[in-house]
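Asks: Below is the file data29.cif, with mmCIF, C-alpha atoms (C1' of nucleotides).
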data_my_file
#
loop_
_atom_site.label_atom_id
_atom_site.label_comp_id
_atom_site.auth_asym_id
_atom_site.auth_seq_id
_atom_site.Cartn_x
_atom_site.Cartn_y
_atom_site.Cartn_z
CA MET A 183 -27.68 62.48 39.68
CA TYR A 184 -26.21 64.06 36.60
CA ASP A 185 -27.53 67.19 35.01
CA LEU A 186 -27.16 67.56 31.31
CA SER A 187 -27.47 71.31 31.31
CA MET A 188 -25.32 71.90 34.35
CA ARG A 189 -22.60 69.49 33.28
CA PRO A 190 -21.65 70.15 29.72
CA PHE A 191 -19.13 67.81 28.20
CA LYS A 192 -15.54 68.24 29.00
CA HIS A 193 -13.46 69.09 25.99
CA PRO A 194 -9.72 69.12 26.56
CA PRO A 195 -7.75 72.20 25.54
CA VAL A 196 -5.44 71.86 22.57
CA SER A 197 -2.43 71.90 24.87
CA GLU A 198 -3.54 68.57 26.32
CA PHE A 199 -3.85 66.74 23.04
CA VAL A 200 -1.66 63.65 22.92
CA LEU A 201 -0.63 62.12 19.63
CA GLU A 202 -0.71 58.52 20.79
CA ARG A 203 -4.17 58.87 22.26
CA LEU A 204 -5.44 60.48 19.12
CA LEU A 205 -4.07 57.64 17.01
CA TYR A 206 -5.60 55.16 19.37
CA ALA A 207 -9.00 56.80 19.14
CA LEU A 208 -8.85 56.60 15.37
CA SER A 209 -7.68 52.99 15.34
CA ASP A 210 -11.16 51.73 16.09
CA PRO A 211 -13.22 51.13 12.94
CA VAL A 212 -16.40 52.46 14.49
CA ARG A 213 -14.74 55.64 15.66
CA LEU A 214 -12.82 56.20 12.46
CA LYS A 215 -16.06 55.96 10.55
CA ILE A 216 -17.70 58.47 12.87
CA VAL A 217 -14.87 60.89 12.28
CA ARG A 218 -15.00 60.32 8.55
CA ARG A 219 -18.68 61.05 8.42
CA LEU A 220 -18.32 64.13 10.59
CA ALA A 221 -15.64 65.36 8.23
CA THR A 222 -18.05 65.22 5.32
CA LEU A 223 -21.27 66.13 7.10
CA GLY A 224 -19.83 68.94 9.15
CA GLU A 225 -21.96 68.00 12.09
CA ALA A 226 -24.35 65.27 13.12
CA SER A 227 -26.25 63.96 16.09
CA CYS A 228 -25.24 60.73 17.76
CA GLY A 229 -28.26 58.94 16.39
CA GLU A 230 -27.39 59.82 12.83
CA LEU A 231 -24.09 58.04 13.12
CA ASP A 232 -24.93 54.78 14.82
CA GLY A 233 -24.81 51.92 12.38
CA GLY A 234 -27.69 50.22 14.12
CA ARG A 235 -25.54 49.91 17.20
CA PRO A 236 -26.96 50.40 20.67
CA LYS A 237 -26.94 53.89 22.07
CA SER A 238 -24.72 52.96 24.98
CA THR A 239 -22.08 51.68 22.62
CA MET A 240 -22.15 54.84 20.58
CA SER A 241 -22.09 56.98 23.66
CA HIS A 242 -18.92 55.19 24.71
CA HIS A 243 -17.21 55.90 21.41
CA PHE A 244 -18.25 59.52 21.34
CA ARG A 245 -16.87 60.00 24.79
CA ILE A 246 -13.48 58.68 23.72
CA LEU A 247 -13.47 60.93 20.68
CA ARG A 248 -14.31 63.88 22.90
CA ASP A 249 -11.72 62.93 25.49
CA VAL A 250 -8.87 62.97 23.01
CA GLY A 251 -10.02 66.25 21.50
CA LEU A 252 -11.26 65.04 18.14
CA VAL A 253 -14.92 65.81 18.59
CA ASN A 254 -16.92 68.67 20.01
CA THR A 255 -20.35 67.93 21.39
CA GLN A 256 -22.95 70.51 22.26
CA THR A 257 -26.45 70.05 23.50
CA VAL A 258 -29.18 71.34 21.23
CA GLY A 259 -32.58 70.56 22.62
CA THR A 260 -32.63 66.86 23.31
CA THR A 261 -29.98 66.01 20.78
CA HIS A 262 -26.22 66.23 20.99
CA MET A 263 -24.63 67.84 18.03
CA ASN A 264 -21.16 66.60 17.23
CA SER A 265 -18.55 68.17 15.04
CA LEU A 266 -14.88 67.69 14.33
CA ARG A 267 -12.48 69.96 16.16
CA LYS A 268 -10.60 70.25 12.92
CA ASP A 269 -8.96 73.60 13.54
CA ASP A 270 -7.86 72.57 17.01
CA VAL A 271 -6.42 69.30 15.84
CA ASP A 272 -4.75 71.00 12.89
CA SER A 273 -3.17 73.60 15.11
CA ARG A 274 -1.67 70.95 17.34
CA PHE A 275 -0.94 68.28 14.74
CA PRO A 276 -0.64 69.99 11.36
CA GLY A 277 -1.54 67.77 8.45
CA LEU A 278 -2.33 64.76 10.56
CA LEU A 279 -6.10 64.65 10.25
CA GLU A 280 -5.95 65.36 6.56
CA ALA A 281 -3.38 62.62 6.04
CA ILE A 282 -5.51 60.07 7.83
CA LEU A 283 -8.92 61.00 6.48
CA SER A 284 -7.70 61.26 2.90
CA GLN A 285 -6.73 57.60 2.93
CA PRO A 286 -9.01 55.28 1.01
CA GLU A 287 -11.55 53.47 3.07
CA MET B 5 10.28 23.71 17.50
CA TYR B 6 10.80 26.86 15.52
CA ASP B 7 13.61 27.37 13.11
CA LEU B 8 14.91 30.86 12.65
CA SER B 9 16.47 30.20 9.29
CA MET B 10 13.63 28.12 7.89
CA ARG B 11 10.90 30.41 9.16
CA PRO B 12 11.76 33.95 8.25
CA PHE B 13 9.38 36.57 9.53
CA LYS B 14 6.14 37.04 7.78
CA HIS B 15 5.82 40.46 6.27
CA PRO B 16 2.41 41.25 4.84
CA PRO B 17 2.18 42.49 1.26
CA VAL B 18 1.19 46.10 0.78
CA SER B 19 -2.24 45.03 -0.39
CA GLU B 20 -2.98 43.71 3.07
CA PHE B 21 -2.12 46.87 4.95
CA VAL B 22 -5.04 48.11 7.02
CA LEU B 23 -5.23 51.72 8.09
CA GLU B 24 -6.84 51.06 11.46
CA ARG B 25 -4.28 48.44 12.39
CA LEU B 26 -1.46 50.72 11.42
CA LEU B 27 -2.86 53.52 13.57
CA TYR B 28 -3.27 51.08 16.41
CA ALA B 29 0.32 49.92 16.14
CA LEU B 30 1.51 53.51 16.32
CA SER B 31 -0.74 54.39 19.25
CA ASP B 32 1.54 52.63 21.71
CA PRO B 33 4.28 54.89 23.06
CA VAL B 34 6.91 52.17 22.98
CA ARG B 35 6.14 51.28 19.40
CA LEU B 36 5.87 54.85 18.21
CA LYS B 37 9.30 55.52 19.63
CA ILE B 38 10.71 52.47 17.90
CA VAL B 39 9.34 53.71 14.60
CA ARG B 40 10.64 57.21 15.22
CA ARG B 41 14.11 55.93 15.91
CA LEU B 42 14.05 53.64 12.89
CA ALA B 43 13.05 56.62 10.78
CA THR B 44 16.16 58.48 11.84
CA LEU B 45 18.58 55.60 12.16
CA GLY B 46 17.57 53.84 8.99
CA GLU B 47 17.97 50.48 10.60
CA ALA B 48 18.68 49.03 14.00
CA SER B 49 18.74 45.77 15.87
CA CYS B 50 16.14 44.98 18.50
CA GLY B 51 18.63 45.44 21.27
CA GLU B 52 19.52 48.92 20.17
CA LEU B 53 15.95 50.04 20.61
CA ASP B 54 14.93 48.60 23.94
CA GLY B 55 14.80 51.25 26.59
CA GLY B 56 16.04 48.85 29.20
CA ARG B 57 12.92 46.79 28.64
CA PRO B 58 13.01 43.00 28.68
CA LYS B 59 13.66 41.28 25.41
CA SER B 60 10.33 39.49 25.45
CA THR B 61 8.51 42.75 25.69
CA MET B 62 10.39 44.21 22.79
CA SER B 63 9.92 41.09 20.75
CA HIS B 64 6.19 41.48 21.26
CA HIS B 65 6.20 45.05 19.98
CA PHE B 66 8.37 44.27 17.00
CA ARG B 67 6.04 41.50 16.01
CA ILE B 68 3.11 43.87 16.00
CA LEU B 69 5.02 46.40 13.94
CA ARG B 70 5.93 43.66 11.49
CA ASP B 71 2.40 42.30 11.35
CA VAL B 72 0.89 45.60 10.31
CA GLY B 73 3.57 46.18 7.71
CA LEU B 74 5.48 49.02 9.33
CA VAL B 75 8.72 47.21 9.96
CA ASN B 76 10.90 44.84 8.02
CA THR B 77 13.06 42.42 9.95
CA GLN B 78 15.85 40.38 8.50
CA THR B 79 18.24 38.03 10.19
CA VAL B 80 21.87 39.02 10.06
CA GLY B 81 23.98 36.64 12.00
CA THR B 82 22.48 36.42 15.45
CA THR B 83 20.89 39.82 15.29
CA HIS B 84 17.67 40.94 13.72
CA MET B 85 17.97 44.04 11.68
CA ASN B 86 14.88 46.18 11.55
CA SER B 87 13.98 48.93 9.15
CA LEU B 88 10.93 50.93 8.26
CA ARG B 89 8.97 49.80 5.23
CA LYS B 90 8.67 53.44 4.32
CA ASP B 91 8.18 53.02 0.61
CA ASP B 92 5.59 50.32 1.09
CA VAL B 93 3.64 52.33 3.63
CA ASP B 94 3.90 55.43 1.47
CA SER B 95 2.63 53.61 -1.56
CA ARG B 96 -0.41 52.40 0.30
CA PHE B 97 -1.01 55.39 2.56
CA PRO B 98 0.59 58.42 0.90
CA GLY B 99 1.68 61.08 3.34
CA LEU B 100 0.51 59.22 6.42
CA LEU B 101 3.83 58.20 7.91
CA GLU B 102 5.33 61.59 7.24
CA ALA B 103 2.36 63.31 8.84
CA ILE B 104 2.63 61.21 11.96
CA LEU B 105 6.39 61.17 12.40
CA SER B 106 6.76 64.88 11.75
CA GLN B 107 4.63 65.65 14.80
CA PRO B 108 6.49 66.93 17.83
CA GLU B 109 7.28 64.36 20.42
"C1'" DC C 299 -48.82 66.61 33.19
"C1'" DC C 300 -47.69 62.64 30.51
"C1'" DC C 301 -45.07 60.71 27.03
"C1'" DA C 302 -41.71 60.01 23.55
"C1'" DT C 303 -37.03 61.16 22.08
"C1'" DA C 304 -32.06 61.41 22.59
"C1'" DG C 305 -28.45 60.26 24.86
"C1'" DT C 306 -25.80 59.30 29.27
"C1'" DT C 307 -24.32 56.33 33.12
"C1'" DC C 308 -23.87 51.98 35.50
"C1'" DG C 309 -22.77 47.25 35.75
"C1'" DA C 310 -21.18 43.09 34.01
"C1'" DA C 311 -19.45 39.89 30.65
"C1'" DT C 312 -16.12 39.20 27.21
"C1'" DA C 313 -12.10 40.02 24.72
"C1'" DT C 314 -7.56 42.21 23.89
"C1'" DT C 315 -3.36 43.85 25.30
"C1'" DA C 316 0.90 44.82 27.74
"C1'" DT C 317 4.47 43.13 30.53
"C1'" DC C 318 7.80 40.04 32.00
"C1'" DG C 319 10.23 35.68 33.60
"C1'" DA C 320 11.68 31.25 31.99
"C1'" DA C 321 12.90 28.08 28.59
"C1'" DC C 322 14.48 27.70 24.05
"C1'" DT C 323 17.02 28.32 19.48
"C1'" DT C 324 20.34 29.87 16.24
"C1'" DA C 325 24.72 31.92 14.93
"C1'" DA C 326 29.22 33.05 16.06
"C1'" DG C 327 33.30 32.98 18.68
"C1'" DT C 328 36.87 30.45 21.52
"C1'" DA D 273 32.32 21.11 21.86
"C1'" DC D 274 31.18 24.87 25.00
"C1'" DT D 275 29.72 29.35 25.71
"C1'" DT D 276 27.87 33.76 24.81
"C1'" DA D 277 24.85 36.92 22.45
"C1'" DA D 278 20.41 38.01 20.42
"C1'" DG D 279 15.81 37.22 20.05
"C1'" DT D 280 11.77 34.34 19.96
"C1'" DT D 281 8.06 31.66 22.11
"C1'" DC D 282 5.31 30.18 25.97
"C1'" DG D 283 2.62 30.98 30.01
"C1'" DA D 284 0.71 33.69 33.41
"C1'" DT D 285 -0.92 37.97 35.30
"C1'" DA D 286 -2.75 42.35 35.36
"C1'" DA D 287 -4.62 46.15 33.10
"C1'" DT D 288 -7.77 48.00 29.45
"C1'" DA D 289 -11.32 47.90 26.06
"C1'" DT D 290 -15.58 46.68 23.70
"C1'" DT D 291 -20.20 45.63 23.84
"C1'" DC D 292 -24.73 45.93 25.44
"C1'" DG D 293 -28.93 45.85 28.51
"C1'" DA D 294 -31.14 48.38 32.08
"C1'" DA D 295 -32.01 52.37 34.63
"C1'" DC D 296 -31.83 57.19 34.40
"C1'" DT D 297 -32.40 62.28 32.88
"C1'" DA D 298 -33.42 66.51 30.22
"C1'" DT D 299 -35.94 68.54 26.64
"C1'" DG D 300 -39.88 69.33 23.87
"C1'" DG D 301 -44.54 68.32 22.25
"C1'" DG D 302 -49.51 67.28 22.78
#
Step by step, read the file and then write its structure as structure tokens.
Replies:
Amino acid sequence: MYDLSMRPFKHPPVSEFVLERLLYALSDPVRLKIVRRLATLGEASCGELDGGRPKSTMSHHFRILRDVGLVNTQTVGTTHMNSLRKDDVDSRFPGLLEAILSQPE
Amino acid sequence: MYDLSMRPFKHPPVSEFVLERLLYALSDPVRLKIVRRLATLGEASCGELDGGRPKSTMSHHFRILRDVGLVNTQTVGTTHMNSLRKDDVDSRFPGLLEAILSQPE
DNA sequence: CCCATAGTTCGAATATTATCGAACTTAAGT
DNA sequence: ACTTAAGTTCGATAATATTCGAACTATGGG
């Protein structure tokens, strides 16, 4: 009973970003890798970033990344294009994303 | 059957630090606050940092902080003195700790 | 209109985690 | 010795998370 076009994803405003939740989101290896790849690719569909993992698993991780404000997802045709909310995260937590993503893998 | 003096705490070498685990450790509000206070105090006993929480709970959190390499604990008399392994963390993850701890509470 | 594609949602199993009381241990003081 | 102080460890419980299959839903193409 859900409608993709009528119910776009909820993206929290910057004012609702919470440091602890952001750190938690990034503490999962799968999610950290997603964020890393988005940082280099600029944007990517969900399918491009699964490492052979089931769609439902990836969908779960993307939702968490969206919920904490790290990722923006927009529907383009049948695919969901994801990108980092870099400016938003930077404005709320200056230097944080850079400090984390610049660390060696 | 444990012996405090014979079994000092295990502190992982810098080479074993793992970014994801460190982020996870800091994603808990209780632990993040411990680390924040250690950053300002320099060092503190376990008791000084409980927020009225039971000792067993605090002991749990300190162990996690030790296990990921964030905190050093040494026995001094009957108390355990904790301090941040700032230099170690910095050497492995330059700028990370600063970036996290400088964020507004 | 039918079908494939892309991804979400639901449900359930499994695994981790947080919290705390109770029992324990060591060091230090009396 | 006895007692207190400071933490740790154990055990149990409750809350959360991860993973994935199955069913579902738009969109776009033939």
Asks: Find the residues around Glu109 of chain B up to 10 Å (only C-alpha atoms (C1' of nucleotides) counted), leave out those fewer than 2 positions away in its own chain, and share them as a list of chain:residue names.
Replies: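 The filter keeps A:Val200, A:Leu201, A:Glu202, B:Leu36, B:Lys37, B:Arg40, B:Leu105, B:Ser106, B:Gln107.
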Asks: Given the choices A:Arg274, A:Arg219, A:Lys237, A:His242, which gets closest to chain B if the distance is worked out from all atoms listed in the file?
Replies: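 Nearest to chain B: A:Arg274.
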Asks: What are the coordinates of chain B as a CSV table (one decimal) with C-alpha atoms, in the coordinates of the input following a least-squares fit to chain A on all in-order C-alpha atoms?
Replies:
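Below is the file that was written, result-v6.csv:
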chain,number,residue,atom,x,y,z
B,5,MET,CA,-27.4,62.3,39.7
B,6,TYR,CA,-26.0,64.0,36.6
B,7,ASP,CA,-27.3,67.1,35.1
B,8,LEU,CA,-27.0,67.5,31.4
B,9,SER,CA,-27.4,71.3,31.4
B,10,MET,CA,-25.2,71.9,34.4
B,11,ARG,CA,-22.5,69.5,33.3
B,12,PRO,CA,-21.6,70.2,29.7
B,13,PHE,CA,-19.1,67.8,28.2
B,14,LYS,CA,-15.5,68.3,29.0
B,15,HIS,CA,-13.5,69.1,26.0
B,16,PRO,CA,-9.7,69.2,26.5
B,17,PRO,CA,-7.8,72.2,25.5
B,18,VAL,CA,-5.5,71.9,22.6
B,19,SER,CA,-2.5,71.9,24.9
B,20,GLU,CA,-3.6,68.6,26.3
B,21,PHE,CA,-3.9,66.8,23.0
B,22,VAL,CA,-1.7,63.7,23.0
B,23,LEU,CA,-0.7,62.2,19.7
B,24,GLU,CA,-0.8,58.6,20.9
B,25,ARG,CA,-4.2,58.9,22.3
B,26,LEU,CA,-5.5,60.5,19.1
B,27,LEU,CA,-4.1,57.7,17.0
B,28,TYR,CA,-5.6,55.2,19.4
B,29,ALA,CA,-9.0,56.8,19.2
B,30,LEU,CA,-8.9,56.6,15.4
B,31,SER,CA,-7.7,53.0,15.4
B,32,ASP,CA,-11.2,51.7,16.1
B,33,PRO,CA,-13.2,51.1,13.0
B,34,VAL,CA,-16.4,52.5,14.5
B,35,ARG,CA,-14.8,55.6,15.7
B,36,LEU,CA,-12.8,56.2,12.5
B,37,LYS,CA,-16.1,56.0,10.5
B,38,ILE,CA,-17.7,58.5,12.9
B,39,VAL,CA,-14.9,60.9,12.3
B,40,ARG,CA,-15.0,60.3,8.5
B,41,ARG,CA,-18.7,61.0,8.4
B,42,LEU,CA,-18.3,64.1,10.6
B,43,ALA,CA,-15.6,65.4,8.2
B,44,THR,CA,-18.0,65.2,5.3
B,45,LEU,CA,-21.3,66.1,7.1
B,46,GLY,CA,-19.8,68.9,9.1
B,47,GLU,CA,-22.0,68.0,12.1
B,48,ALA,CA,-24.3,65.3,13.1
B,49,SER,CA,-26.2,64.0,16.1
B,50,CYS,CA,-25.3,60.7,17.7
B,51,GLY,CA,-28.3,59.0,16.3
B,52,GLU,CA,-27.4,59.8,12.8
B,53,LEU,CA,-24.1,58.1,13.1
B,54,ASP,CA,-24.9,54.8,14.8
B,55,GLY,CA,-24.9,51.9,12.3
B,56,GLY,CA,-27.7,50.3,14.1
B,57,ARG,CA,-25.6,50.0,17.1
B,58,PRO,CA,-27.0,50.4,20.6
B,59,LYS,CA,-27.0,53.9,22.0
B,60,SER,CA,-24.8,53.0,24.9
B,61,THR,CA,-22.1,51.7,22.6
B,62,MET,CA,-22.2,54.9,20.6
B,63,SER,CA,-22.1,57.0,23.7
B,64,HIS,CA,-19.0,55.2,24.7
B,65,HIS,CA,-17.2,55.9,21.4
B,66,PHE,CA,-18.3,59.5,21.3
B,67,ARG,CA,-16.9,60.0,24.8
B,68,ILE,CA,-13.5,58.7,23.7
B,69,LEU,CA,-13.5,60.9,20.7
B,70,ARG,CA,-14.4,63.9,22.9
B,71,ASP,CA,-11.8,63.0,25.5
B,72,VAL,CA,-8.9,63.0,23.0
B,73,GLY,CA,-10.1,66.3,21.5
B,74,LEU,CA,-11.3,65.1,18.1
B,75,VAL,CA,-14.9,65.8,18.6
B,76,ASN,CA,-16.9,68.7,20.0
B,77,THR,CA,-20.4,67.9,21.4
B,78,GLN,CA,-23.0,70.5,22.2
B,79,THR,CA,-26.5,70.1,23.5
B,80,VAL,CA,-29.2,71.3,21.2
B,81,GLY,CA,-32.6,70.5,22.6
B,82,THR,CA,-32.6,66.8,23.3
B,83,THR,CA,-30.0,66.0,20.8
B,84,HIS,CA,-26.2,66.2,21.0
B,85,MET,CA,-24.6,67.8,18.0
B,86,ASN,CA,-21.2,66.6,17.2
B,87,SER,CA,-18.6,68.2,15.0
B,88,LEU,CA,-14.9,67.7,14.3
B,89,ARG,CA,-12.5,70.0,16.1
B,90,LYS,CA,-10.6,70.2,12.9
B,91,ASP,CA,-9.0,73.6,13.5
B,92,ASP,CA,-7.9,72.6,17.0
B,93,VAL,CA,-6.4,69.3,15.8
B,94,ASP,CA,-4.8,71.0,12.9
B,95,SER,CA,-3.2,73.6,15.1
B,96,ARG,CA,-1.7,71.0,17.3
B,97,PHE,CA,-1.0,68.3,14.8
B,98,PRO,CA,-0.6,70.0,11.4
B,99,GLY,CA,-1.5,67.8,8.5
B,100,LEU,CA,-2.3,64.7,10.6
B,101,LEU,CA,-6.1,64.6,10.3
B,102,GLU,CA,-5.9,65.3,6.6
B,103,ALA,CA,-3.4,62.6,6.1
B,104,ILE,CA,-5.5,60.1,7.9
B,105,LEU,CA,-8.9,61.0,6.5
B,106,SER,CA,-7.7,61.2,2.9
B,107,GLN,CA,-6.7,57.5,3.0
B,108,PRO,CA,-8.9,55.2,1.1
B,109,GLU,CA,-11.5,53.4,3.1
Asks: Using all atoms listed in the file, pick whichever of D:DA277, D:DC282, D:DC292, D:DA298 has the shortest atom-to-atom distance to DA311 of chain C.
Replies: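 Comparing D:DA277, D:DC282, D:DC292, D:DA298 against DA311 of chain C, the winner is D:DC292.
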Asks: With only C-alpha atoms (C1' of nucleotides) as the counted atoms, please give the residues lying no more than 7 Å from segment 74-90 of chain B, apart from itself and same-chain residues fewer than 6 positions off, as a list in words.
Replies: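 Contacts, with the query itself left out: Phe13, His15, Leu42, Ala43, Gly46, Glu47, Ala48, Ser49 and Cys50 of chain B; DT324 and DA325 of chain C; DA278 of chain D.
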Asks: What does the distance from atom CA of Ala207 of chain A to atom CA of Ala103 of chain B come to in Å, to one decimal?
Replies: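 Between these atoms lies a distance of 16.7 Å.
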Asks: From the list B:Ile104, B:Leu69, B:Met62, B:Leu26, which residue is nearest chain D when using all atoms listed in the file?
Replies: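 Smallest separation from chain D among the options: B:Met62.
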Asks: Rounded to one decimal, what separation in Å do you get between atom C1' of DT290 of chain D and atom CA of Pro190 of chain A?
Replies: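 Between atom C1' of DT290 of chain D and atom CA of Pro190 of chain A the gap works out to 25.0 Å.
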Asks: Restrict the distance test to only C-alpha atoms, flag each residue of chain A within 6 Å of chain B, and return the flagged residues as a PyMOL selection string.
Replies: chain A and resi 202+205-206+209+277-278+281
Asks: Could you state which residues are captured by the PyMOL selection byres ((chain C and resi 321) around 9) in this file, as a compact mmCIF listing (two decimals) with C-alpha atoms (C1' of nucleotides), in the frame of the given file?
Replies:
# COMPACT_ATOMS: atom_id res chain seq x y z
C1' DA C 320 11.68 31.25 31.99
C1' DC C 322 14.48 27.70 24.05
C1' DT D 281 8.06 31.66 22.11
C1' DC D 282 5.31 30.18 25.97
Asks: Here is a test: counting all atoms listed in the file, which residue of B:Arg35, B:Ile68, B:Lys14, B:Glu20 is nearest to Val93 of chain B?
Replies: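 Under the stated criterion, the closest residue is B:Glu20.
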Asks: To test your reading of the syntax: which residues would the PyMOL selection byres ((chain D) within 12 of (chain A)) return for the file shown? Reply as a PyMOL selection string.
Replies: chain D and resi 289-294+296-300
Asks: Quick one: pull the distance between atom CA of Val196 of chain A and atom CA of Asp270 of chain A, Å, one decimal.
Replies: 6.1 Å
Asks: I need the chain C residues near chain A as a VMD selection string; criterion: at most 10 Å, counting only C-alpha atoms (C1' of nucleotides).
Replies: chain C and resid 303 to 307
Asks: Generate a file of the selected residues that holds C-alpha atoms (C1' of nucleotides), formatted as a PDB file, keeping the file's coordinate frame.
Replies:
ATOM      1  C1'  DT C 303     -37.030  61.160  22.080  1.00  0.00           C
ATOM      2  C1'  DA C 304     -32.060  61.410  22.590  1.00  0.00           C
ATOM      3  C1'  DG C 305     -28.450  60.260  24.860  1.00  0.00           C
ATOM      4  C1'  DT C 306     -25.800  59.300  29.270  1.00  0.00           C
ATOM      5  C1'  DT C 307     -24.320  56.330  33.120  1.00  0.00           C
TER       6       DT C 307
END
Asks: Do a neighbour search on DA287 of chain D at 12 Å with all atoms listed in the file, toss out local chain neighbours closer than 5 positions, and write the hits as a list in words.
Replies: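 In the requested format, the answer is DT314, DT315, DA316 and DT317 of chain C.
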Asks: Please tell me which residues are no farther than 10 Å from (5.5, 32.3, 37.2) in the file, counting all atoms listed in the file, and write them as a ChimeraX atom specification.
Replies: /C:318-320 /D:283-285
